[in-house]
Number of protein chains: 2
Amino acid sequence: MSPFTEFSLMHELQQKGGKIVLLVLDGLGGLPMTPDGKTELESAQKPNLDRLAKEGSTGLSVPIRPGIEPGSGPAHLSLFSYDPVTYEIGRGVLEALGIGFELQANDLAARGNFATVDANGVITDRRAGRISTEECERLTAKLQQTTGDLFPGYQVFVLPVKEHRFAFILRGEGLGGKLTETDPLVTGKKPLPVEDESGTPEGAHTAQMVNRWVEAARAALADEPKANSLNLRGLAKDPGLPRFPEIYGMRAAAIAVYPMYKGVARLVGMEPISFEGERPEHEIAALERVWNDYDFFFIHIKKTDSYGEDGNFDAKVHEIEAVDAVIPRILALQPGAIIVTGDHSTPAKLRSHSWHPVPTLLWSATAMPDQVTTFGERACASGHLGIFHATHLVPLAMAHAGRLVRFGA
Amino acid sequence: MSPFTEFSLMHELQQKGGKIVLLVLDGLGGLPMTPDGKTELESAQKPNLDRLAKEGSTGLSVPIRPGIEPGSGPAHLSLFSYDPVTYEIGRGVLEALGIGFELQANDLAARGNFATVDANGVITDRRAGRISTEECERLTAKLQQTTGDLFPGYQVFVLPVKEHRFAFILRGEGLGGKLTETDPLVTGKKPLPVEDESGTPEGAHTAQMVNRWVEAARAALADEPKANSLNLRGLAKDPGLPRFPEIYGMRAAAIAVYPMYKGVARLVGMEPISFEGERPEHEIAALERVWNDYDFFFIHIKKTDSYGEDGNFDAKVHEIEAVDAVIPRILALQPGAIIVTGDHSTPAKLRSHSWHPVPTLLWSATAMPDQVTTFGERACASGHLGIFHATHLVPLAMAHAGRLVRFGA
């Protein structure tokens, strides 16, 4: 079925109804470590999630397209019902969101990589020997000091991310265009100039400014032993996505520990909630506190993904069990519908995000109780939701929460 | 998969072949009344439908989009392979079709509601106390007499539907536009004027005529005790849909008791068949009578939906059993393919149409006999057809009836 949600249709059909909880265990889907083994989710003791699976409908969700391994940004957009192939977010924007930078509508953001070049300016290491994050902090501070005031009337932000990665943001009027990257993506070549492919005066102006900044920044780095150059990738602005609260008529709260996820939620018009602590129980306490103020609640659990990327099967299992323990507190709030899913799979076996479809359950009083009685990758494959694009989840949950009127007479 | 059928492709690939029966049990899909219970379809004793499910392929069809509760008109369009989000039909057109009015291409049709207003013209009851259908007949006759000749060169039809509902049709040249409704949808407000949003001279002209008619009709009703006013909704013309017989190369018959379903079939170029009686056996007798004259047969069973809307679980079960009893007579005609499905779900538990996907079977000598051996919502979830958009059914049935040539060499 089509991965596209027709926003105008949803806007027309929305009405008031029950509250919806979207509980995302990042990287939830897994794989067995041995051919006869169980996955992380299948191994977990999770009586509450199993109960929701038994009472509700289950299935497997496809975040982007079959076979496509999702990044975190696009995968969450998809869960929020925005097809990430249609609604692109530049890498620069994701990098800025990832460090909690509050991007403004006119800001131009880029992902920066420190690099090593030889005496002729030819790239010998695109990651500058993966310098430490401390080094990254020292270098970005240096660049901030030397290039921060390069353009009168504009602000430049150079902020550390991790190891050789940093964020570059240019703030001011008239920025835009469709800008190319400086990174030739292989060693043995010189970096490329930024060029504008939009053909607009705005684009030409912005390319010129970025090239001037790159030149100044490289001059400031020239004496560094490793990170004596840099590249910029994914130069982009906030794409100005349609607003979730307007499309669906739901005030939406985002409960997440990591800045990246609050940032993506903010891009579609959800409101990040502040709270103390980092564990699932702290997130649920925040949910309980703001329950009366919103209609839709996105709750993000990060550690399932982190342990998957570490290849730590057991720790991922335990994190799923920790989430299971807070499910009764969500039920006690009497939501109209609960979705439990992941943004993508992160099997400990692969130590990486993967393209495998994601076990998903939809719990509601009006859900068809399918024949699936446990929450797991293989159990969900025979569920009543089938294999479906993740963008379908919000409309489905709205139907079950009584938030959609009939289409046509 | 795309919900859109590519008509030009189908037109190119069609050839002569076996006959196809599309048997629609309106509102077929249901829900268990208790968490551990069975649905209406699962509860029915239906040896013949179970046999078709066992010998054929099964699945779950989505009429509009996941989560969208379908109206009857759009749901049938989808079964006829017209994506109802692309091919919209106005409420006025559906109302006219529903009473068997033979709408012409240039007619403007509206759904009318008798209403009660106070001395200041403020609506106090949008349904005029749900006056009886006899009252409706008296009032529409009165309006026909007083306003039928209001516009020289144009015809006005005011026809009773049921209780407070009537159909209004304006016939003549140059009607059109994109017209707003008079009904403010709440009591305590005055009715609204009809406005044109198309910005065309045609639209402005039509809005003016409709407003003049509304004024004259309200004047004629002023002394009525309850129905002293009226509103018009869904002003629209026949959307001029592509013709089913041309797209698919099949002469198509519609066998239905209720005017609405004959009307929707007529909109796509199917021919409604006249027959005596209202039970499934009468519809099958009509099928037998016209079997040699057509290639495609749409048979509509209404009562499954009506009983679902009444919340009458047992009566819905019995109606399914009554349909089951006539299946051998369909098989005896030796069709190339049979589809049994619903236009949408109408669970007795919800007393309403719902968005749940619809149990569907496709029987043919070339169908893959899947592991499903009984016809039911949960059994079909593991069928060979998967979960699919209802627009795929006609092309699928044509393939199984040998009516489609190879695509490409």
# chains A, B, ... in the order shown; residues from 1 in each chain; ligands from 1

$ residues_around --residues "stretch 289-305 of chain A" --least-positions-apart "4" --cutoff "7 Å" --atoms "only C-alpha atoms" --output "PyMOL selection string"
chain A and resi 19-28+250-256+280+285+309+316+319-320+346

$ calpha_fit_and_write --fixed "chain B" --moving "chain A" --output "compact mmCIF listing (two decimals) with C-alpha atoms, in the first residue's frame"
# COMPACT_ATOMS: atom_id res chain seq x y z
CA MET A 1 0.91 -0.81 -2.29
CA SER A 2 -0.60 2.05 -4.22
CA PRO A 3 -4.37 2.27 -4.07
CA PHE A 4 -4.50 3.65 -7.59
CA THR A 5 -5.36 1.53 -10.56
CA GLU A 6 -3.82 2.79 -13.75
CA PHE A 7 -6.77 2.74 -16.07
CA SER A 8 -4.75 3.35 -19.25
CA LEU A 9 -2.58 0.34 -18.41
CA MET A 10 -5.62 -1.84 -17.81
CA HIS A 11 -7.23 -0.65 -21.02
CA GLU A 12 -4.10 -1.61 -22.92
CA LEU A 13 -3.76 -5.08 -21.36
CA GLN A 14 -7.38 -6.27 -21.39
CA GLN A 15 -8.47 -9.21 -23.53
CA LYS A 16 -11.43 -11.61 -23.70
CA GLY A 17 -11.59 -14.27 -21.02
CA GLY A 18 -13.69 -15.90 -18.33
CA LYS A 19 -16.59 -14.31 -16.51
CA ILE A 20 -16.17 -12.62 -13.12
CA VAL A 21 -18.60 -12.50 -10.18
CA LEU A 22 -18.12 -9.80 -7.53
CA LEU A 23 -20.36 -10.80 -4.63
CA VAL A 24 -20.59 -7.98 -2.09
CA LEU A 25 -22.10 -8.64 1.32
CA ASP A 26 -22.60 -5.07 2.49
CA GLY A 27 -20.92 -4.40 5.83
CA LEU A 28 -19.57 -7.97 5.90
CA GLY A 29 -16.74 -7.44 8.39
CA GLY A 30 -17.61 -7.65 12.06
CA LEU A 31 -16.21 -7.87 15.56
CA PRO A 32 -16.70 -10.30 18.43
CA MET A 33 -19.29 -9.07 20.97
CA THR A 34 -17.01 -10.23 23.81
CA PRO A 35 -13.20 -10.42 23.84
CA ASP A 36 -13.16 -14.19 23.52
CA GLY A 37 -16.09 -14.40 21.12
CA LYS A 38 -16.39 -14.90 17.40
CA THR A 39 -17.38 -12.37 14.76
CA GLU A 40 -20.62 -12.64 12.78
CA LEU A 41 -18.79 -14.23 9.83
CA GLU A 42 -16.82 -16.58 12.08
CA SER A 43 -20.08 -17.66 13.78
CA ALA A 44 -21.96 -18.45 10.58
CA GLN A 45 -22.38 -22.02 9.32
CA LYS A 46 -21.17 -21.48 5.76
CA PRO A 47 -19.72 -24.63 4.22
CA ASN A 48 -19.72 -23.21 0.71
CA LEU A 49 -17.90 -20.00 1.53
CA ASP A 50 -15.41 -22.00 3.59
CA ARG A 51 -14.84 -24.25 0.59
CA LEU A 52 -14.13 -21.21 -1.63
CA ALA A 53 -11.72 -19.87 1.01
CA LYS A 54 -9.95 -23.21 1.18
CA GLU A 55 -9.59 -23.60 -2.57
CA GLY A 56 -8.81 -19.94 -3.26
CA SER A 57 -6.73 -17.08 -1.87
CA THR A 58 -7.83 -14.85 0.98
CA GLY A 59 -6.90 -11.51 2.48
CA LEU A 60 -8.19 -8.31 4.03
CA SER A 61 -9.20 -5.36 1.88
CA VAL A 62 -8.95 -1.70 2.83
CA PRO A 63 -11.77 0.28 1.15
CA ILE A 64 -10.51 3.87 1.45
CA ARG A 65 -7.40 4.32 3.64
CA PRO A 66 -6.37 2.65 6.91
CA GLY A 67 -8.57 3.99 9.69
CA ILE A 68 -11.15 5.59 7.39
CA GLU A 69 -14.77 4.54 7.93
CA PRO A 70 -16.32 4.36 4.47
CA GLY A 71 -19.68 5.60 3.29
CA SER A 72 -21.47 3.21 0.95
CA GLY A 73 -20.86 5.21 -2.19
CA PRO A 74 -17.08 5.56 -1.93
CA ALA A 75 -16.75 2.00 -0.63
CA HIS A 76 -18.42 0.62 -3.73
CA LEU A 77 -16.41 2.85 -6.03
CA SER A 78 -13.31 1.33 -4.49
CA LEU A 79 -14.55 -2.22 -5.13
CA PHE A 80 -15.16 -1.19 -8.74
CA SER A 81 -11.43 -0.14 -8.77
CA TYR A 82 -11.93 3.64 -8.59
CA ASP A 83 -9.93 5.13 -5.76
CA PRO A 84 -12.58 7.14 -3.90
CA VAL A 85 -10.09 9.75 -2.74
CA THR A 86 -9.28 10.55 -6.37
CA TYR A 87 -12.76 10.02 -7.77
CA GLU A 88 -15.09 12.00 -5.56
CA ILE A 89 -18.83 11.78 -5.81
CA GLY A 90 -20.74 14.66 -4.26
CA ARG A 91 -23.17 13.95 -1.42
CA GLY A 92 -25.95 15.40 -3.51
CA VAL A 93 -25.30 12.86 -6.26
CA LEU A 94 -25.24 10.00 -3.73
CA GLU A 95 -28.52 11.21 -2.21
CA ALA A 96 -30.17 11.32 -5.64
CA LEU A 97 -28.83 7.86 -6.53
CA GLY A 98 -29.95 6.56 -3.15
CA ILE A 99 -33.61 7.21 -3.96
CA GLY A 100 -33.30 5.79 -7.45
CA PHE A 101 -33.40 9.14 -9.21
CA GLU A 102 -31.98 8.77 -12.71
CA LEU A 103 -29.47 11.58 -12.65
CA GLN A 104 -28.57 13.08 -16.02
CA ALA A 105 -25.10 14.37 -16.92
CA ASN A 106 -25.97 18.06 -16.52
CA ASP A 107 -28.15 17.77 -13.40
CA LEU A 108 -27.03 19.57 -10.25
CA ALA A 109 -27.95 17.57 -7.14
CA ALA A 110 -27.87 18.46 -3.44
CA ARG A 111 -28.61 16.77 -0.16
CA GLY A 112 -31.34 18.76 1.59
CA ASN A 113 -31.99 18.89 5.32
CA PHE A 114 -35.14 20.40 6.83
CA ALA A 115 -34.19 22.59 9.79
CA THR A 116 -35.75 24.79 12.48
CA VAL A 117 -34.85 28.48 12.80
CA ASP A 118 -35.94 31.12 15.34
CA ALA A 119 -37.53 34.49 14.62
CA ASN A 120 -34.13 35.95 13.73
CA GLY A 121 -33.39 33.17 11.25
CA VAL A 122 -30.84 31.53 13.59
CA ILE A 123 -30.75 27.73 13.39
CA THR A 124 -32.08 26.04 16.55
CA ASP A 125 -32.27 22.47 15.17
CA ARG A 126 -30.34 21.35 12.08
CA ARG A 127 -32.64 18.31 11.69
CA ALA A 128 -36.01 19.93 12.43
CA GLY A 129 -36.57 17.56 15.34
CA ARG A 130 -36.07 14.59 13.01
CA ILE A 131 -39.55 14.91 11.55
CA SER A 132 -41.17 11.69 10.33
CA THR A 133 -40.66 10.45 6.80
CA GLU A 134 -44.38 11.12 6.18
CA GLU A 135 -43.83 14.75 7.14
CA CYS A 136 -40.84 14.82 4.81
CA GLU A 137 -43.07 13.57 1.99
CA ARG A 138 -45.70 16.22 2.68
CA LEU A 139 -43.11 19.01 2.78
CA THR A 140 -41.24 17.98 -0.34
CA ALA A 141 -44.57 17.78 -2.22
CA LYS A 142 -45.34 21.30 -1.04
CA LEU A 143 -41.93 22.55 -2.20
CA GLN A 144 -42.28 20.77 -5.51
CA GLN A 145 -45.57 22.53 -6.08
CA THR A 146 -44.44 26.01 -5.03
CA THR A 147 -40.91 26.03 -6.47
CA GLY A 148 -41.03 23.47 -9.29
CA ASP A 149 -41.57 26.13 -11.95
CA LEU A 150 -39.37 28.82 -10.45
CA PHE A 151 -36.94 28.95 -13.37
CA PRO A 152 -38.25 29.08 -16.95
CA GLY A 153 -36.39 26.52 -19.05
CA TYR A 154 -35.23 24.59 -15.98
CA GLN A 155 -36.75 21.76 -13.98
CA VAL A 156 -36.63 21.51 -10.17
CA PHE A 157 -37.09 18.18 -8.39
CA VAL A 158 -37.66 18.08 -4.62
CA LEU A 159 -37.87 14.48 -3.44
CA PRO A 160 -38.24 12.89 0.00
CA VAL A 161 -35.46 10.66 1.37
CA LYS A 162 -36.00 9.87 5.05
CA GLU A 163 -36.97 11.86 8.14
CA HIS A 164 -35.51 15.38 7.70
CA ARG A 165 -33.53 14.49 4.58
CA PHE A 166 -34.55 15.21 1.00
CA ALA A 167 -32.96 15.46 -2.43
CA PHE A 168 -32.88 18.62 -4.53
CA ILE A 169 -32.10 18.41 -8.23
CA LEU A 170 -31.87 21.30 -10.69
CA ARG A 171 -31.99 20.31 -14.36
CA GLY A 172 -31.05 22.52 -17.30
CA GLU A 173 -28.20 23.92 -19.35
CA GLY A 174 -25.12 25.67 -18.02
CA LEU A 175 -25.11 24.45 -14.41
CA GLY A 176 -21.82 23.87 -12.64
CA GLY A 177 -19.10 25.46 -10.55
CA LYS A 178 -17.72 24.55 -7.16
CA LEU A 179 -20.50 25.45 -4.76
CA THR A 180 -20.37 25.91 -0.98
CA GLU A 181 -23.04 24.57 1.41
CA THR A 182 -25.67 26.58 3.30
CA ASP A 183 -25.37 24.51 6.48
CA PRO A 184 -23.05 26.16 9.07
CA LEU A 185 -22.88 22.69 10.75
CA VAL A 186 -23.71 24.13 14.21
CA THR A 187 -26.84 25.57 15.80
CA GLY A 188 -26.88 29.19 16.94
CA LYS A 189 -25.87 30.54 13.55
CA LYS A 190 -27.77 31.65 10.47
CA PRO A 191 -27.56 29.55 7.31
CA LEU A 192 -24.94 30.63 4.81
CA PRO A 193 -25.47 31.69 1.21
CA VAL A 194 -24.27 29.35 -1.53
CA GLU A 195 -21.07 30.68 -3.07
CA ASP A 196 -19.11 29.57 -6.09
CA GLU A 197 -15.42 28.85 -5.61
CA SER A 198 -14.68 27.94 -9.22
CA GLY A 199 -14.65 31.54 -10.46
CA THR A 200 -16.46 30.49 -13.65
CA PRO A 201 -19.48 32.34 -15.11
CA GLU A 202 -21.30 28.97 -14.94
CA GLY A 203 -20.56 28.71 -11.21
CA ALA A 204 -21.70 32.26 -10.46
CA HIS A 205 -24.91 31.71 -12.42
CA THR A 206 -25.63 28.40 -10.65
CA ALA A 207 -24.96 29.82 -7.17
CA GLN A 208 -27.37 32.65 -7.90
CA MET A 209 -30.10 30.22 -9.01
CA VAL A 210 -29.65 27.96 -6.00
CA ASN A 211 -29.80 30.94 -3.63
CA ARG A 212 -33.01 32.08 -5.29
CA TRP A 213 -34.50 28.62 -4.89
CA VAL A 214 -33.47 28.43 -1.23
CA GLU A 215 -35.10 31.79 -0.58
CA ALA A 216 -38.35 30.71 -2.26
CA ALA A 217 -38.36 27.36 -0.47
CA ARG A 218 -37.80 28.93 2.93
CA ALA A 219 -40.67 31.37 2.26
CA ALA A 220 -42.92 28.40 1.47
CA LEU A 221 -41.91 26.71 4.75
CA ALA A 222 -42.15 29.81 6.98
CA ASP A 223 -45.40 28.75 8.67
CA GLU A 224 -44.33 25.18 9.43
CA PRO A 225 -44.12 24.41 13.15
CA LYS A 226 -40.81 22.51 13.04
CA ALA A 227 -39.40 22.38 9.51
CA ASN A 228 -39.58 26.14 8.89
CA SER A 229 -36.26 26.25 7.03
CA LEU A 230 -33.80 24.06 5.17
CA ASN A 231 -30.17 23.68 4.18
CA LEU A 232 -28.47 22.31 1.10
CA ARG A 233 -25.24 20.30 1.23
CA GLY A 234 -22.95 18.61 -1.26
CA LEU A 235 -24.10 20.44 -4.40
CA ALA A 236 -22.61 18.47 -7.26
CA LYS A 237 -23.06 16.94 -10.69
CA ASP A 238 -22.38 13.40 -11.94
CA PRO A 239 -18.55 13.42 -11.88
CA GLY A 240 -18.34 11.75 -15.28
CA LEU A 241 -16.21 8.83 -14.15
CA PRO A 242 -14.20 6.75 -16.62
CA ARG A 243 -16.42 3.92 -17.86
CA PHE A 244 -15.78 0.48 -16.38
CA PRO A 245 -16.74 -1.40 -19.58
CA GLU A 246 -14.25 0.63 -21.61
CA ILE A 247 -11.38 0.41 -19.13
CA TYR A 248 -11.70 -3.33 -18.64
CA GLY A 249 -13.40 -4.51 -21.82
CA MET A 250 -16.16 -6.17 -19.80
CA ARG A 251 -19.90 -5.73 -20.18
CA ALA A 252 -20.92 -5.28 -16.56
CA ALA A 253 -24.25 -6.05 -14.88
CA ALA A 254 -25.36 -4.80 -11.45
CA ILE A 255 -27.72 -7.03 -9.49
CA ALA A 256 -28.92 -5.10 -6.44
CA VAL A 257 -32.15 -4.57 -4.54
CA TYR A 258 -31.51 -1.05 -3.23
CA PRO A 259 -31.48 1.96 -5.59
CA MET A 260 -28.29 3.43 -4.11
CA TYR A 261 -26.15 0.50 -5.29
CA LYS A 262 -27.71 0.34 -8.73
CA GLY A 263 -27.04 4.08 -8.90
CA VAL A 264 -23.34 3.87 -8.03
CA ALA A 265 -22.94 1.01 -10.51
CA ARG A 266 -24.66 3.10 -13.18
CA LEU A 267 -22.23 5.97 -12.49
CA VAL A 268 -19.33 3.82 -13.74
CA GLY A 269 -21.24 2.40 -16.68
CA MET A 270 -22.59 -0.88 -15.29
CA GLU A 271 -26.13 -1.87 -16.28
CA PRO A 272 -28.62 -2.45 -13.45
CA ILE A 273 -30.68 -5.63 -13.96
CA SER A 274 -34.40 -5.64 -13.12
CA PHE A 275 -35.80 -8.61 -11.21
CA GLU A 276 -38.57 -9.64 -8.82
CA GLY A 277 -37.98 -10.36 -5.13
CA GLU A 278 -35.44 -9.17 -2.58
CA ARG A 279 -33.71 -12.29 -1.25
CA PRO A 280 -30.31 -13.71 -2.28
CA GLU A 281 -32.04 -16.48 -4.25
CA HIS A 282 -33.89 -13.88 -6.31
CA GLU A 283 -30.64 -12.10 -7.07
CA ILE A 284 -29.02 -15.36 -8.15
CA ALA A 285 -32.01 -16.14 -10.37
CA ALA A 286 -31.36 -12.79 -12.06
CA LEU A 287 -27.68 -13.71 -12.39
CA GLU A 288 -28.60 -16.98 -14.08
CA ARG A 289 -31.00 -15.22 -16.43
CA VAL A 290 -28.49 -12.63 -17.73
CA TRP A 291 -25.36 -14.83 -17.48
CA ASN A 292 -24.80 -15.00 -21.25
CA ASP A 293 -25.20 -11.26 -21.78
CA TYR A 294 -22.39 -9.89 -19.60
CA ASP A 295 -18.78 -10.53 -18.55
CA PHE A 296 -18.76 -9.01 -15.06
CA PHE A 297 -21.49 -9.35 -12.45
CA PHE A 298 -21.73 -7.16 -9.36
CA ILE A 299 -24.16 -8.72 -6.87
CA HIS A 300 -25.10 -6.66 -3.83
CA ILE A 301 -26.51 -8.11 -0.58
CA LYS A 302 -27.85 -5.33 1.62
CA LYS A 303 -29.18 -7.00 4.78
CA THR A 304 -25.81 -7.91 6.30
CA ASP A 305 -25.18 -4.18 6.68
CA SER A 306 -28.68 -3.35 7.89
CA TYR A 307 -28.54 -5.99 10.64
CA GLY A 308 -25.07 -4.79 11.61
CA GLU A 309 -26.38 -1.24 11.96
CA ASP A 310 -29.28 -2.55 14.05
CA GLY A 311 -26.79 -4.29 16.35
CA ASN A 312 -28.52 -7.56 15.49
CA PHE A 313 -25.60 -10.00 15.55
CA ASP A 314 -27.71 -13.16 15.06
CA ALA A 315 -29.71 -11.80 12.13
CA LYS A 316 -26.46 -10.80 10.41
CA VAL A 317 -25.12 -14.34 10.95
CA HIS A 318 -28.29 -15.81 9.42
CA GLU A 319 -28.10 -13.51 6.42
CA ILE A 320 -24.52 -14.68 5.76
CA GLU A 321 -25.84 -18.26 5.94
CA ALA A 322 -28.58 -17.41 3.44
CA VAL A 323 -25.93 -16.14 1.03
CA ASP A 324 -23.83 -19.25 1.61
CA ALA A 325 -26.76 -21.37 0.48
CA VAL A 326 -26.78 -19.81 -3.03
CA ILE A 327 -23.02 -20.19 -3.66
CA PRO A 328 -23.41 -23.57 -5.44
CA ARG A 329 -25.66 -21.90 -8.00
CA ILE A 330 -22.90 -19.38 -8.76
CA LEU A 331 -20.32 -22.16 -9.09
CA ALA A 332 -22.64 -24.07 -11.41
CA LEU A 333 -22.35 -21.19 -13.89
CA GLN A 334 -18.59 -21.88 -14.10
CA PRO A 335 -17.21 -18.36 -13.69
CA GLY A 336 -13.52 -17.74 -14.31
CA ALA A 337 -13.17 -15.99 -10.95
CA ILE A 338 -15.34 -15.20 -7.94
CA ILE A 339 -14.68 -12.46 -5.39
CA VAL A 340 -16.59 -12.54 -2.11
CA THR A 341 -16.11 -9.46 0.04
CA GLY A 342 -17.84 -6.54 1.70
CA ASP A 343 -17.75 -2.86 0.81
CA HIS A 344 -16.73 -2.18 4.42
CA SER A 345 -17.24 -3.60 7.91
CA THR A 346 -20.43 -3.05 9.93
CA PRO A 347 -19.86 -4.82 13.26
CA ALA A 348 -23.10 -5.41 15.18
CA LYS A 349 -21.05 -4.50 18.24
CA LEU A 350 -20.58 -0.95 16.89
CA ARG A 351 -24.05 -0.60 15.23
CA SER A 352 -22.27 1.35 12.51
CA HIS A 353 -20.00 1.16 9.49
CA SER A 354 -16.38 0.83 10.58
CA TRP A 355 -12.88 1.17 9.25
CA HIS A 356 -11.81 -2.43 9.93
CA PRO A 357 -10.38 -4.16 6.87
CA VAL A 358 -12.80 -6.52 5.15
CA PRO A 359 -12.48 -10.32 4.86
CA THR A 360 -12.11 -11.14 1.17
CA LEU A 361 -11.72 -14.30 -0.88
CA LEU A 362 -10.71 -14.77 -4.49
CA TRP A 363 -11.65 -18.11 -5.98
CA SER A 364 -10.35 -19.36 -9.34
CA ALA A 365 -8.66 -22.40 -10.85
CA THR A 366 -5.40 -20.41 -10.92
CA ALA A 367 -5.64 -19.04 -7.37
CA MET A 368 -2.95 -20.09 -4.91
CA PRO A 369 -4.71 -22.27 -2.34
CA ASP A 370 -3.32 -20.59 0.78
CA GLN A 371 -3.28 -22.04 4.27
CA VAL A 372 -6.63 -20.43 5.10
CA THR A 373 -9.44 -23.01 5.24
CA THR A 374 -12.32 -20.92 6.57
CA PHE A 375 -13.74 -17.53 5.66
CA GLY A 376 -13.34 -15.12 8.57
CA GLU A 377 -11.73 -11.85 9.59
CA ARG A 378 -8.87 -13.46 11.52
CA ALA A 379 -8.34 -16.37 9.16
CA CYS A 380 -8.04 -14.00 6.18
CA ALA A 381 -5.29 -12.02 7.94
CA SER A 382 -2.81 -14.78 7.07
CA GLY A 383 -4.03 -15.29 3.52
CA HIS A 384 -2.03 -15.07 0.30
CA LEU A 385 -3.56 -11.73 -0.72
CA GLY A 386 -2.33 -9.99 2.43
CA ILE A 387 -3.85 -6.66 3.38
CA PHE A 388 -4.53 -4.75 0.20
CA HIS A 389 -6.45 -1.81 -1.17
CA ALA A 390 -9.87 -2.79 -2.48
CA THR A 391 -9.09 -1.18 -5.85
CA HIS A 392 -6.76 -4.12 -6.59
CA LEU A 393 -9.58 -6.66 -6.68
CA VAL A 394 -10.87 -6.13 -10.23
CA PRO A 395 -7.37 -6.37 -11.83
CA LEU A 396 -6.61 -9.46 -9.72
CA ALA A 397 -9.85 -11.15 -10.70
CA MET A 398 -9.21 -10.30 -14.35
CA ALA A 399 -5.80 -11.95 -14.20
CA HIS A 400 -7.34 -15.10 -12.75
CA ALA A 401 -10.09 -15.08 -15.37
CA GLY A 402 -7.47 -14.86 -18.15
CA ARG A 403 -8.51 -11.36 -19.15
CA LEU A 404 -5.09 -9.63 -19.06
CA VAL A 405 -2.18 -10.00 -21.46
CA ARG A 406 1.46 -9.78 -20.42
CA PHE A 407 2.96 -6.38 -19.63
CA GLY A 408 6.11 -5.79 -21.70
CA ALA A 409 8.28 -8.37 -23.42

$ select_by_dssp --residues "stretch 102-220 of chain A" --states "strand (DSSP E or B)" --output "number ranges by chain"
A: 108-117, 123-125, 155-162, 165-171, 179, 196

$ write_last_selection --atoms "C-alpha atoms" --output "compact mmCIF listing (two decimals), in the first residue's frame"
# COMPACT_ATOMS: atom_id res chain seq x y z
CA LEU A 108 21.63 27.24 7.00
CA ALA A 109 23.15 24.16 8.65
CA ALA A 110 25.89 21.77 7.53
CA ARG A 111 27.56 18.65 8.82
CA GLY A 112 31.27 19.39 9.19
CA ASN A 113 34.08 16.84 9.11
CA PHE A 114 37.65 17.66 10.14
CA ALA A 115 40.07 16.20 7.59
CA THR A 116 43.79 15.88 6.86
CA VAL A 117 45.31 17.25 3.65
CA ILE A 123 42.89 14.87 1.15
CA THR A 124 44.83 12.06 2.88
CA ASP A 125 42.28 11.31 5.64
CA GLN A 155 26.10 34.87 12.92
CA VAL A 156 28.32 31.79 12.54
CA PHE A 157 28.05 28.84 14.94
CA VAL A 158 30.72 26.13 14.95
CA LEU A 159 29.78 23.41 17.43
CA PRO A 160 31.39 20.08 18.36
CA VAL A 161 29.50 16.82 17.73
CA LYS A 162 31.76 13.79 18.21
CA ARG A 165 32.32 15.67 13.32
CA PHE A 166 31.01 19.16 14.00
CA ALA A 167 28.03 21.32 13.11
CA PHE A 168 28.23 24.56 11.14
CA ILE A 169 25.32 26.99 11.18
CA LEU A 170 25.08 30.29 9.34
CA ARG A 171 22.32 32.62 10.55
CA LEU A 179 24.21 23.71 -2.39
CA ASP A 196 24.62 26.37 -6.06

$ select_by_dssp --residues "stretch 141-377 of chain B" --states "alpha helix (DSSP H)" --output "ChimeraX atom specification"
/B:141-147,201-221,244-248,259-267,280-290,303-310,313-332,377

$ decode --residues "stretch 116-123 of chain B" --atoms "N, CA and C atoms" --output "short mmCIF file (atom, residue, chain, number, x, y, z; two decimals), in the first residue's frame"
data_model
loop_
_atom_site.label_atom_id
_atom_site.label_comp_id
_atom_site.auth_asym_id
_atom_site.auth_seq_id
_atom_site.Cartn_x
_atom_site.Cartn_y
_atom_site.Cartn_z
N THR B 116 -35.78 23.09 11.49
CA THR B 116 -36.64 24.01 12.22
C THR B 116 -35.84 25.25 12.60
N VAL B 117 -36.46 26.44 12.33
CA VAL B 117 -35.81 27.69 12.75
C VAL B 117 -36.76 28.47 13.65
N ASP B 118 -36.18 29.35 14.50
CA ASP B 118 -37.03 30.18 15.36
C ASP B 118 -37.43 31.47 14.62
N ALA B 119 -38.08 32.36 15.33
CA ALA B 119 -38.61 33.58 14.70
C ALA B 119 -37.51 34.44 14.08
N ASN B 120 -36.29 34.30 14.60
CA ASN B 120 -35.17 35.08 14.05
C ASN B 120 -34.43 34.34 12.94
N GLY B 121 -34.93 33.17 12.56
CA GLY B 121 -34.28 32.41 11.50
C GLY B 121 -33.10 31.58 11.99
N VAL B 122 -32.96 31.48 13.32
CA VAL B 122 -31.87 30.68 13.89
C VAL B 122 -32.30 29.21 13.97
N ILE B 123 -31.41 28.33 13.57
CA ILE B 123 -31.75 26.90 13.53
C ILE B 123 -31.88 26.34 14.94
#
